[in-house]
Amino acid sequence: MILSLDADFLCTGASGVRYSRAFASRRRLEGESSPLNRLYAVESDATNTGSRADHRLPMKASEIEAFARAVASRVGVGGVGAANAPQAAQHWIDPLVRDLQASKGKSLVIAGDGQPAIVHALAHAMNDVLGNVGATVTYTQTAEVQPMDQRAALKQLVDDMNADKVALLVAMGGNPVYSAPVDLKFSDAMQRVAMRVHLGLYEDETAAFSHWHVTETHYLEAWSDVRADDGTVTIIQPLIAPLYDGKSAHEVMAALSGAEKPGYDLVRAYWMSPGAASGTGTIAAPPRAPAPTPAPAGNAPASAPPPRPGAVAAPAAAAPSAASATPQFDRQWHQWLHDGVVPNTAFAPKTVAIRAAFASQVTPRGAAQGLEAVFRPDPTIHDGRFTNNAWLQELPKSLTKLTWDNAALISPGTADRLRLISGDVVELKQGGRTLRIPVWLAPGQAPDTLTLHLGYGRTRAGRAGNNTGFNVNALRTFDAQDILQGVELNKTGETYQLACTQDHWSLEGRNLVRVATKTQYDADPKFAEKMEEGEARKPLTMYWQPYPYTGYAWGMTIDQNVCTGCNSCVVACVAENNVPVVGKPQVMNGREMHWLRVDRYYTGDIENPGTYHQPMPCQQCENASCEVVCPVAATSHSDEGLNDMVYNRCVGTRYCSNNCPYKVRRFNFLLYQDWDTQSLWPMRNPDVTVRSRGVMEKCTYCVQRISQARIAAKLEDRQIRDGDILTACQAACPTDAIVFGNINDPGSQVAKLKSSPRNYALLAELNNRPRTTYLALVRNPNIELEPPQAATDGEGRG
Amino acid sequence: MTKPQLPLQAPPDAGSAAAARETLLSRTPDVIAPGHTFGSVTDKISGIVLTHRTPIGWFMGFAIAFMFLMILNITIVKLLFTGIGIWGNNIPVGWAFDIINFVWWIGIGHAGTLISAILLLFRQQWRTSINRFAEAMTLFAVACAAMFPLLHTGRPWLAAYWLFPYPNTMQLWPQFRSPLIWDVFAVSTYFTVSLLFWFTGLIPDLATLRDSAQAKWAQRIFGVLSLGWRGSAQHWQRYETIYLLLAGLSTPLVLSVHTVVSFDFAVSEIPGWHATFFPPYFVAGAIYSGFAMVMTLAVPMRAAFHLEDLITMRHIHNMTKIMLATGMIVAYAYVNEAFYAWYSGSLYEQFMFTNRATGPYGPFYWMLIAINACMIQLFWFRKVRDNVVLLFILSLLVNVGMWLERFVIIVVSLHRDFLPSSWDMYEPTVWDFGMFTGTIGLFLSLFFLFVRLLPAISIFEVRTLVPAAKVKTTSGTEHLL
């Protein structure tokens, strides 16, 4: 049982992948059955976590403290005082508290990164009294070597610069000129420094204010080291020599301390030093650099920063030279590199105690009137560090499906009251600062709350990222880095075109997403099959004998119960299959090229809807509609059931796409591939054809990976084993929602999943016999909050 | 216009039935106006080509048409160098103006074939004044139409020959299950047969022009084109045979070509496309729009070249009646679409219909209903049929309505199909309009050249309509010479 207080723990933050996996492990209904977990989410904006919640309550960010206090006092946290939960949440408190108390030691309260310290403290206190510490919650030391209040440190730096106390500023990564709170006036202060050096991947806004810009190596180009959130160390190995003669942070630090060395020597020498890998996890703090270095300068908006390269390794001066490596260390070092992790470096659990009267030390925040804005890292480009990543720019954001822009997300009800529709440009005013930004209606958004995503409106991001979206940092002050209250909103009368990849949110009463509650599922596990449109029919065929697939028969299942809609599969597919980026105007025209999209549907009350994610690759139909209509046989069927696409043969009639009921085919309306930019050449997967203009393309089930596995299997004179082939989307899925394999092999995971009662084919009534099938969604609501319904039929219908 | 006179004298002893027929026929205008002789017909028609001064209106009209033809050229060059992304097509609306225009043009062509072939077989004499230019219209319309299946592809330089079954070392054939391949055969057959039919019919007239031409080069050109026609009885005998054979070949094409075109949609599984009644619906729509186009062309041509006595009110009336009949079939198909949507019990079919009527493109649907189902009811009225200017306007509107019908079938069905997630809107670009108006420019340019350079009305066939061509047999029936 999980209570999330404005925390998007599944998709935001450094540990999202790990948490997603852990969350999904208790959402599976196949295999050894364990009771489903239950997720309650109280949140100010619609997040992926909220979309997967069994119960979700939209609530203004500033009211969550009151809600947390109310719950905390009821579960037995002392000294909280008689707090009143917000009106809308009253009916939640009793059932929620009963549920929490019923699952002592098996529950978890999580506070969001954007919530103030008091909410975090209340969450810890609740975990404490619920007996979760040691069971579901473990405290360790932080992965940072020198934990500090980074926001205060940044302010200190600005003060020092303004007081002319800083002679040399070395900005190692980060982009404070863009991302520092606006009232710190970072760039003004920075200009008072006599010598300013910037190390970064891009010549960004901060570089523009620096005297020197040092090209930084990408993490795929440099040796470094990093800690996972449990403290486990991994040595980062470069995959490619630096393309632009960049320097890693280690190398720059070493150079500044007068001992220039290659990054490999530096990292290796550090881990050779006694105690470095002793497994105790206690690492000596590295000496400070000669000048104040705002290490993660302002670039970590809401979350604790993920461990950064350079956080662990010390300058070479502190360690013995690489020359004196013992053969024993050599073996150990190679073992680490081979395994990918340094063993036994996880942090030991720590016992911490919360101060007794913590809750009374903070005055409860009163109910705030008017609009408030919450600042969130963008779901795709984060805080701006990925602004120039065109793959991410074009990746539709999980819930809004917007690309290339951010917008002020607003609930449909609030928008209605303010007479706004999506695309209306508004002027937001607070404290004498203004921001012009279009609004976008986001179902599930808390009332009177605007979500402003960071990372956009950059001027020196690069070719892809310049002048996309709106810089919300214009409103973000030091004291309101997460929640900004008292925002005044004025309509400007202007409109702005936003590029959204999914115009329609409703299921239109179609049984595309099939949902039941756990109770309904227990009573009738085959509910999904029964929701088939029309009467159950025998598969139709005009042939005496349907084609017998005697060899491999490739198939896929997508478990909607564990899919969080995180989009990893989409980006993985883009990277694997050389999917081009088409740019905002083309996206607006409905020409995005993603082979795999994640459909998002809403059902129910639009202010707090049920939100469903449905990854949609090519369904690889056995009776494929596309194949019969192609005049040149450019798309045809393989004997393993793949719906193959022969690019060479395609003349581009687009008839196949017209006839595809899933509309998963993508057409190169123009020359979308950039043939000329040399730096893009090594980016492409050499095993996959780079498609040219006028050609249709679509998901191939990563046929190149199938071929590789087939070659490997032939060399060893064996069959392809289950698990030999992971499609790119499957490999990237943090929750293993996507499973691929040979459905002719009854022992394969995919064949087992296809025999699940939850298995259903989309639009099965069309007799296309898709090889990709879905496992229906089973929710686990608290019957006190949601009385059971008689039939499943009402569910999943828009 | 002079008072209509009965061209065919009924035998005096035919009785009251004949009298009734006479009364009925007296209300029907003549096929050609009285007073014409063999010579006057020949002079009148060949004069347009050979002796008359070209009207200033011809130059103005041709200039405008040629300007649009240049727009077509620019669009095609841009298209070939940039890609069909210059149009508004997207996913899910993979076909839009390109295929709308294709179906629209090919439909228009059908009237020409119907007039020349089917009406010939049914011995409808009134066809002779209009069949030549209606056939030319067919050819030019099919030429416009044939451009789209090629140019709408992403790689036309490959589509141009991969769509044909030619022997190749890879032993790779077209995919014969695809309706697009059927289209290739249907359209190329249609164009070939129409061209042969049209040219064969021209030969005796080309010979007439050769004989009347004064200029040496005109004599040469018409001489070559008339293939040595001397008008001997053997020539005529062979001519009649081949012409009848070609008419027999063309007749099934009137039905089959648009049937095949309708298969492009009917064979697919998209709601709004997947319908078994599409072939008759499309054929009726084709003839309907084709006659509207003949009307659109005949009315101004008749006025410009003073052909009122050859293209008479009889023709105008008959064409209006055919438009009314086929238009009613089309309207019946609209009712059927609604009925099947309901009767299918399919969620998707039902949604398709509601979306047509009430969706974002709803106004277009109602415009086409207003034109193709409601407006054509005006054709019931003789007063309307007598008003040539009004008919011209109405025939233009019918062409608009039929274009909208294809828009509704193609774009509106595609833009919202099975998965609501893939729903999107379609907006044409300036290049879509460039292509569309450009083909109209091509069509009109060809037509202007045709009426100026070739006999737009069949001279020798109209000659058979003049009274001197009638002989009375002893049995009292009449035969053409």
# chains A, B, ... in the order shown; residues from 1 in each chain; ligands from 1
>>> select_by_dssp(residues="region 245-453 of chain B", states="alpha helix (DSSP H)", output="number ranges by chain")
B: 245-266, 278-304, 313-343, 347-358, 362-369, 382-386, 388-407, 413-415, 430-453
>>> residues_around(residues="region 472-476 of chain A", least_positions_apart="6", cutoff="12 Å", atoms="only C-alpha atoms", output="VMD selection string")
chain A and resid 176 to 185 298 to 299 301 to 302 372 to 378 383 to 384 405 to 408 427 to 438 450 to 458 482 to 488
>>> interface_residues(of="chain B", to="chain A", cutoff="8 Å", atoms="only C-alpha atoms", output="JSON list (two decimals) with C-alpha atoms, in the first residue's frame")
[["chain", "number", "residue", "atom", "x", "y", "z"],
["B", 82, "THR", "CA", 10.45, 18.11, -52.50],
["B", 83, "GLY", "CA", 8.06, 15.24, -51.99],
["B", 84, "ILE", "CA", 4.39, 14.91, -51.47],
["B", 85, "GLY", "CA", 4.87, 16.47, -48.05],
["B", 86, "ILE", "CA", 4.12, 19.77, -49.76],
["B", 88, "GLY", "CA", -1.55, 18.46, -46.50],
["B", 90, "ASN", "CA", -0.78, 13.09, -43.14],
["B", 91, "ILE", "CA", -1.29, 10.01, -41.05],
["B", 92, "PRO", "CA", -4.19, 9.06, -40.77],
["B", 93, "VAL", "CA", -5.33, 10.98, -43.86],
["B", 94, "GLY", "CA", -2.96, 9.32, -46.32],
["B", 95, "TRP", "CA", -5.12, 10.18, -49.29],
["B", 152, "HIS", "CA", 0.39, 10.83, -55.46],
["B", 153, "THR", "CA", 2.99, 8.15, -54.77],
["B", 154, "GLY", "CA", 6.05, 8.91, -52.74],
["B", 155, "ARG", "CA", 8.36, 7.75, -55.51],
["B", 156, "PRO", "CA", 6.62, 8.27, -58.85],
["B", 158, "LEU", "CA", 9.49, 3.94, -59.55],
["B", 159, "ALA", "CA", 5.72, 3.71, -59.48],
["B", 162, "TRP", "CA", 6.67, -1.03, -61.01],
["B", 163, "LEU", "CA", 2.93, -0.86, -61.17],
["B", 173, "TRP", "CA", 5.33, -8.93, -60.19],
["B", 174, "PRO", "CA", 2.83, -6.42, -58.98],
["B", 175, "GLN", "CA", 0.66, -7.55, -56.12],
["B", 176, "PHE", "CA", -2.47, -8.46, -58.00],
["B", 177, "ARG", "CA", -4.72, -8.48, -54.97],
["B", 178, "SER", "CA", -4.36, -4.72, -54.62],
["B", 179, "PRO", "CA", -7.16, -2.60, -56.07],
["B", 180, "LEU", "CA", -4.50, -0.08, -57.08],
["B", 181, "ILE", "CA", -3.19, -2.59, -59.61],
["B", 268, "SER", "CA", -10.48, -1.77, -47.65],
["B", 269, "GLU", "CA", -11.75, -2.13, -44.13],
["B", 270, "ILE", "CA", -12.11, 1.49, -43.13],
["B", 346, "SER", "CA", -21.18, -1.82, -35.86],
["B", 347, "LEU", "CA", -20.02, 0.87, -33.49],
["B", 414, "LEU", "CA", -9.93, 8.42, -42.87],
["B", 417, "ASP", "CA", -11.24, 5.56, -37.92],
["B", 418, "PHE", "CA", -10.90, 2.84, -35.33],
["B", 419, "LEU", "CA", -8.55, 4.11, -32.65],
["B", 420, "PRO", "CA", -9.47, 7.57, -31.34],
["B", 421, "SER", "CA", -5.80, 8.08, -30.52],
["B", 422, "SER", "CA", -4.90, 8.31, -34.18],
["B", 423, "TRP", "CA", -7.65, 10.74, -35.11],
["B", 424, "ASP", "CA", -6.41, 13.89, -36.73],
["B", 426, "TYR", "CA", -6.61, 17.32, -42.58]]
>>> atom_distance(atom1="CA of Lys754 (chain A)", atom2="CA of Gly610 (chain A)")
25.6 Å
>>> residues_around(residues="Ser411 (chain A)", least_positions_apart="4", cutoff="7 Å", atoms="only C-alpha atoms", output="ChimeraX atom specification")
/A:415,441-447,607
>>> write_last_selection(atoms="N, CA, C and O atoms", output="tab-separated table (two decimals), in the first residue's frame")
chain	number	residue	atom	x	y	z
A	415	ALA	N	-9.98	26.17	-16.45
A	415	ALA	CA	-9.91	26.84	-17.75
A	415	ALA	C	-11.29	27.34	-18.16
A	415	ALA	O	-11.45	28.44	-18.70
A	441	LEU	N	-5.09	22.43	-21.67
A	441	LEU	CA	-6.02	21.78	-20.75
A	441	LEU	C	-5.52	20.37	-20.42
A	441	LEU	O	-5.34	19.55	-21.32
A	442	ALA	N	-5.29	20.15	-19.15
A	442	ALA	CA	-4.76	18.85	-18.72
A	442	ALA	C	-5.74	18.21	-17.77
A	442	ALA	O	-5.83	18.61	-16.62
A	443	PRO	N	-6.49	17.21	-18.23
A	443	PRO	CA	-7.42	16.53	-17.33
A	443	PRO	C	-6.67	15.95	-16.14
A	443	PRO	O	-5.59	15.39	-16.30
A	444	GLY	N	-7.25	16.10	-14.97
A	444	GLY	CA	-6.60	15.57	-13.78
A	444	GLY	C	-5.73	16.57	-13.05
A	444	GLY	O	-5.25	16.31	-11.95
A	445	GLN	N	-5.52	17.70	-13.66
A	445	GLN	CA	-4.78	18.76	-13.00
A	445	GLN	C	-5.60	19.24	-11.80
A	445	GLN	O	-6.84	19.29	-11.87
A	446	ALA	N	-4.91	19.60	-10.70
A	446	ALA	CA	-5.64	20.12	-9.54
A	446	ALA	C	-6.25	21.47	-9.91
A	446	ALA	O	-5.70	22.20	-10.72
A	447	PRO	N	-7.40	21.77	-9.31
A	447	PRO	CA	-8.01	23.06	-9.64
A	447	PRO	C	-7.10	24.22	-9.23
A	447	PRO	O	-6.34	24.13	-8.28
A	607	GLU	N	-12.20	16.04	-14.62
A	607	GLU	CA	-11.38	16.73	-13.63
A	607	GLU	C	-10.46	15.76	-12.88
A	607	GLU	O	-9.45	16.14	-12.32
>>> atom_distance(atom1="CA of Asp432 (chain B)", atom2="CA of Phe353 (chain B)")
26.2 Å
>>> select_by_dssp(residues="region 581-790 of chain A", states="strand (DSSP E or B)", output="number ranges by chain")
A: 597-603, 610-616, 621, 635-637, 643-645, 666-667, 696-697, 738-742, 759-760, 770, 772-775, 777-779
>>> atom_distance(atom1="CA of Leu307 (chain B)", atom2="CA of Gly39 (chain B)")
15.4 Å
>>> residues_around(residues="region 686-691 of chain A", least_positions_apart="4", cutoff="8 Å", atoms="only C-alpha atoms", output="MDAnalysis selection string")
chainID A and resid 576:578 647 668 673 695 697 704
>>> closest_residue(among="A:Gln481, A:Asn623, A:Val109, A:Asp54", to="Met542 (chain A)", atoms="only C-alpha atoms")
A:Asn623
>>> residues_around(residues="region 748-752 of chain A", least_positions_apart="6", cutoff="10 Å", atoms="only C-alpha atoms", output="ChimeraX atom specification")
/A:30-31,554-558,721-723,738-742,773
>>> write_last_selection(atoms="all heavy atoms", output="short mmCIF file (atom, residue, chain, number, x, y, z; two decimals), in the first residue's frame")
data_model
loop_
_atom_site.label_atom_id
_atom_site.label_comp_id
_atom_site.auth_asym_id
_atom_site.auth_seq_id
_atom_site.Cartn_x
_atom_site.Cartn_y
_atom_site.Cartn_z
N GLU A 30 0.18 -12.84 -13.32
CA GLU A 30 0.60 -14.15 -13.79
C GLU A 30 1.75 -14.63 -12.91
O GLU A 30 2.34 -13.87 -12.17
CB GLU A 30 1.05 -14.09 -15.25
CG GLU A 30 -0.10 -14.07 -16.24
CD GLU A 30 -0.90 -12.77 -16.22
OE1 GLU A 30 -0.32 -11.71 -15.93
OE2 GLU A 30 -2.12 -12.83 -16.47
N GLY A 31 2.07 -15.90 -13.04
CA GLY A 31 3.17 -16.43 -12.27
C GLY A 31 2.77 -16.58 -10.81
O GLY A 31 1.58 -16.66 -10.48
N TRP A 554 6.64 -15.25 -34.22
CA TRP A 554 6.96 -14.16 -33.30
C TRP A 554 5.68 -13.47 -32.82
O TRP A 554 4.76 -13.25 -33.60
CB TRP A 554 7.90 -13.15 -33.95
CG TRP A 554 9.13 -13.81 -34.48
CD1 TRP A 554 9.52 -13.89 -35.77
CD2 TRP A 554 10.11 -14.52 -33.72
NE1 TRP A 554 10.68 -14.60 -35.88
CE2 TRP A 554 11.08 -15.01 -34.63
CE3 TRP A 554 10.28 -14.81 -32.37
CZ2 TRP A 554 12.18 -15.76 -34.24
CZ3 TRP A 554 11.38 -15.56 -31.98
CH2 TRP A 554 12.32 -16.02 -32.90
N GLY A 555 5.68 -13.15 -31.59
CA GLY A 555 4.52 -12.46 -31.02
C GLY A 555 4.93 -11.61 -29.85
O GLY A 555 6.07 -11.69 -29.35
N MET A 556 4.01 -10.79 -29.41
CA MET A 556 4.33 -9.85 -28.33
C MET A 556 3.11 -9.69 -27.44
O MET A 556 1.98 -9.77 -27.91
CB MET A 556 4.71 -8.49 -28.94
CG MET A 556 5.10 -7.44 -27.93
SD MET A 556 5.50 -5.86 -28.73
CE MET A 556 7.22 -6.10 -29.14
N THR A 557 3.37 -9.50 -26.16
CA THR A 557 2.28 -9.09 -25.27
C THR A 557 2.69 -7.79 -24.59
O THR A 557 3.87 -7.56 -24.33
CB THR A 557 2.00 -10.14 -24.17
OG1 THR A 557 3.22 -10.40 -23.48
CG2 THR A 557 1.42 -11.41 -24.75
N ILE A 558 1.71 -6.98 -24.33
CA ILE A 558 1.95 -5.73 -23.61
C ILE A 558 1.01 -5.72 -22.41
O ILE A 558 -0.21 -5.76 -22.56
CB ILE A 558 1.70 -4.51 -24.52
CG1 ILE A 558 2.68 -4.55 -25.71
CG2 ILE A 558 1.85 -3.22 -23.73
CD1 ILE A 558 2.47 -3.46 -26.72
N ARG A 721 16.65 -19.36 -28.46
CA ARG A 721 16.03 -19.61 -27.15
C ARG A 721 15.14 -18.44 -26.75
O ARG A 721 15.34 -17.31 -27.20
CB ARG A 721 17.12 -19.80 -26.10
CG ARG A 721 17.86 -21.12 -26.21
CD ARG A 721 18.91 -21.22 -25.13
NE ARG A 721 19.91 -20.16 -25.29
CZ ARG A 721 21.20 -20.40 -25.56
NH1 ARG A 721 21.63 -21.64 -25.70
NH2 ARG A 721 22.05 -19.41 -25.68
N ASP A 722 14.22 -18.74 -25.88
CA ASP A 722 13.38 -17.66 -25.35
C ASP A 722 14.28 -16.69 -24.61
O ASP A 722 15.10 -17.10 -23.79
CB ASP A 722 12.32 -18.25 -24.41
CG ASP A 722 11.27 -17.22 -24.07
OD1 ASP A 722 10.93 -16.41 -24.95
OD2 ASP A 722 10.79 -17.21 -22.92
N GLY A 723 14.12 -15.42 -24.90
CA GLY A 723 14.94 -14.42 -24.23
C GLY A 723 16.18 -14.04 -25.02
O GLY A 723 16.88 -13.10 -24.67
N ILE A 738 6.49 -5.18 -21.77
CA ILE A 738 6.52 -5.69 -23.14
C ILE A 738 7.31 -7.00 -23.15
O ILE A 738 8.44 -7.04 -22.68
CB ILE A 738 7.17 -4.65 -24.08
CG1 ILE A 738 6.40 -3.34 -24.01
CG2 ILE A 738 7.26 -5.18 -25.50
CD1 ILE A 738 7.02 -2.22 -24.81
N VAL A 739 6.68 -8.04 -23.66
CA VAL A 739 7.35 -9.34 -23.73
C VAL A 739 7.23 -9.83 -25.17
O VAL A 739 6.16 -9.79 -25.76
CB VAL A 739 6.72 -10.35 -22.76
CG1 VAL A 739 7.34 -11.73 -22.95
CG2 VAL A 739 6.91 -9.89 -21.33
N PHE A 740 8.37 -10.29 -25.69
CA PHE A 740 8.42 -10.71 -27.09
C PHE A 740 8.99 -12.12 -27.14
O PHE A 740 9.82 -12.48 -26.33
CB PHE A 740 9.32 -9.75 -27.88
CG PHE A 740 9.59 -10.18 -29.29
CD1 PHE A 740 8.67 -9.90 -30.29
CD2 PHE A 740 10.75 -10.86 -29.61
CE1 PHE A 740 8.91 -10.29 -31.59
CE2 PHE A 740 10.99 -11.26 -30.92
CZ PHE A 740 10.08 -10.98 -31.90
N GLY A 741 8.54 -12.89 -28.09
CA GLY A 741 9.13 -14.22 -28.24
C GLY A 741 8.38 -15.06 -29.23
O GLY A 741 7.55 -14.58 -30.01
N ASN A 742 8.68 -16.35 -29.17
CA ASN A 742 8.14 -17.31 -30.11
C ASN A 742 6.86 -17.92 -29.52
O ASN A 742 6.93 -18.68 -28.56
CB ASN A 742 9.21 -18.39 -30.35
CG ASN A 742 8.72 -19.49 -31.25
OD1 ASN A 742 7.67 -19.38 -31.88
ND2 ASN A 742 9.50 -20.56 -31.32
N THR A 773 -0.66 -8.64 -28.59
CA THR A 773 -1.89 -8.62 -27.82
C THR A 773 -1.63 -7.89 -26.50
O THR A 773 -0.49 -7.65 -26.11
CB THR A 773 -2.41 -10.03 -27.54
OG1 THR A 773 -1.36 -10.79 -26.96
CG2 THR A 773 -2.90 -10.70 -28.80
#
>>> residues_around(residues="Gly134 (chain A)", least_positions_apart="6", cutoff="10 Å", atoms="only C-alpha atoms", output="compact mmCIF listing (two decimals) with N, CA and C atoms, in the first residue's frame")
# COMPACT_ATOMS: atom_id res chain seq x y z
N GLY A 105 3.82 -1.83 8.29
CA GLY A 105 5.02 -2.56 7.91
C GLY A 105 4.99 -2.97 6.45
N ASN A 127 5.85 6.95 8.04
CA ASN A 127 6.50 5.66 7.80
C ASN A 127 7.00 5.07 9.11
N ASP A 128 7.47 5.95 9.97
CA ASP A 128 7.98 5.51 11.26
C ASP A 128 6.88 4.87 12.10
N PRO A 349 22.45 0.43 5.84
CA PRO A 349 21.30 1.16 6.37
C PRO A 349 21.71 1.97 7.58
N LYS A 350 21.08 3.10 7.71
CA LYS A 350 21.41 4.00 8.81
C LYS A 350 20.17 4.14 9.67
N THR A 351 20.38 4.30 10.92
CA THR A 351 19.23 4.55 11.79
C THR A 351 19.12 6.05 11.98
>>> closest_residue(among="A:Asn685, A:Gln156, A:Tyr552, A:Val515", to="His613 (chain A)", atoms="only C-alpha atoms")
A:Val515
>>> residues_around(residues="region 135-138 of chain B", least_positions_apart="5", cutoff="10 Å", atoms="only C-alpha atoms", output="PyMOL selection string")
chain B and resi 105-117+130+143-144+190-191+194-195+197-199+201+290+293-294+297+443-444+446-447+450-451+456
>>> write_last_selection(atoms="N, CA and C atoms", output="compact mmCIF listing (two decimals), in the first residue's frame")
# COMPACT_ATOMS: atom_id res chain seq x y z
N TRP B 105 -12.02 13.34 -61.55
CA TRP B 105 -11.73 13.45 -62.99
C TRP B 105 -12.18 12.21 -63.74
N ILE B 106 -11.87 11.06 -63.16
CA ILE B 106 -12.20 9.84 -63.89
C ILE B 106 -13.72 9.70 -64.00
N GLY B 107 -14.39 10.17 -62.96
CA GLY B 107 -15.86 10.13 -63.01
C GLY B 107 -16.38 11.01 -64.13
N ILE B 108 -15.80 12.18 -64.25
CA ILE B 108 -16.23 13.12 -65.29
C ILE B 108 -16.08 12.50 -66.68
N GLY B 109 -15.01 11.75 -66.84
CA GLY B 109 -14.78 11.13 -68.14
C GLY B 109 -15.90 10.21 -68.58
N HIS B 110 -16.62 9.67 -67.61
CA HIS B 110 -17.58 8.63 -67.96
C HIS B 110 -18.70 9.08 -68.88
N ALA B 111 -19.07 10.34 -68.80
CA ALA B 111 -20.18 10.78 -69.63
C ALA B 111 -19.83 10.65 -71.10
N GLY B 112 -18.57 10.96 -71.42
CA GLY B 112 -18.15 10.90 -72.82
C GLY B 112 -18.31 9.50 -73.37
N THR B 113 -17.86 8.52 -72.62
CA THR B 113 -17.96 7.15 -73.08
C THR B 113 -19.41 6.71 -73.18
N LEU B 114 -20.16 7.13 -72.19
CA LEU B 114 -21.58 6.74 -72.22
C LEU B 114 -22.25 7.29 -73.47
N ILE B 115 -21.97 8.57 -73.74
CA ILE B 115 -22.60 9.20 -74.90
C ILE B 115 -22.16 8.53 -76.19
N SER B 116 -20.85 8.30 -76.30
CA SER B 116 -20.38 7.83 -77.60
C SER B 116 -20.67 6.35 -77.79
N ALA B 117 -20.54 5.56 -76.73
CA ALA B 117 -20.68 4.12 -76.94
C ALA B 117 -22.08 3.62 -76.68
N ILE B 130 -23.10 15.87 -79.79
CA ILE B 130 -22.27 16.13 -78.61
C ILE B 130 -21.24 15.04 -78.37
N ALA B 143 -6.81 11.93 -68.77
CA ALA B 143 -5.41 12.36 -68.71
C ALA B 143 -5.15 13.08 -67.39
N CYS B 144 -6.07 13.94 -67.00
CA CYS B 144 -5.92 14.63 -65.71
C CYS B 144 -5.95 13.62 -64.57
N TYR B 190 -8.95 2.14 -70.20
CA TYR B 190 -9.95 3.17 -70.47
C TYR B 190 -9.39 4.25 -71.37
N PHE B 191 -8.19 4.69 -71.04
CA PHE B 191 -7.58 5.76 -71.83
C PHE B 191 -7.31 5.27 -73.26
N SER B 194 -10.61 4.77 -75.16
CA SER B 194 -11.23 6.08 -75.43
C SER B 194 -10.50 6.81 -76.54
N LEU B 195 -9.17 6.73 -76.52
CA LEU B 195 -8.38 7.42 -77.53
C LEU B 195 -8.65 6.83 -78.91
N PHE B 197 -11.24 5.12 -79.90
CA PHE B 197 -12.62 5.39 -80.27
C PHE B 197 -12.78 6.80 -80.81
N TRP B 198 -12.18 7.71 -80.09
CA TRP B 198 -12.26 9.12 -80.45
C TRP B 198 -11.57 9.37 -81.79
N PHE B 199 -10.39 8.77 -81.94
CA PHE B 199 -9.62 9.02 -83.14
C PHE B 199 -10.29 8.36 -84.36
N GLY B 201 -13.39 7.82 -84.77
CA GLY B 201 -14.53 8.65 -85.14
C GLY B 201 -14.12 9.92 -85.87
N GLY B 290 -20.26 13.43 -64.94
CA GLY B 290 -19.80 13.56 -66.32
C GLY B 290 -20.76 14.39 -67.15
N MET B 293 -20.44 17.92 -66.40
CA MET B 293 -19.29 18.55 -67.05
C MET B 293 -19.58 18.78 -68.53
N VAL B 294 -20.25 17.84 -69.18
CA VAL B 294 -20.62 18.05 -70.58
C VAL B 294 -21.48 19.31 -70.69
N LEU B 297 -19.48 22.42 -70.35
CA LEU B 297 -18.70 22.76 -71.54
C LEU B 297 -19.61 23.13 -72.70
N PHE B 443 -6.96 20.57 -68.37
CA PHE B 443 -8.18 20.10 -69.02
C PHE B 443 -8.72 21.18 -69.97
N LEU B 444 -8.83 22.40 -69.45
CA LEU B 444 -9.39 23.47 -70.26
C LEU B 444 -8.47 23.85 -71.41
N LEU B 446 -6.41 21.89 -73.01
CA LEU B 446 -6.59 20.87 -74.04
C LEU B 446 -7.91 21.07 -74.76
N PHE B 447 -8.93 21.44 -74.00
CA PHE B 447 -10.24 21.58 -74.59
C PHE B 447 -10.30 22.79 -75.53
N PHE B 450 -8.61 21.82 -78.58
CA PHE B 450 -9.43 20.87 -79.31
C PHE B 450 -10.51 21.58 -80.13
N VAL B 451 -11.25 22.50 -79.51
CA VAL B 451 -12.34 23.13 -80.25
C VAL B 451 -11.80 24.02 -81.36
N ALA B 456 -15.20 19.98 -83.41
CA ALA B 456 -15.71 19.66 -82.07
C ALA B 456 -17.01 18.89 -82.16
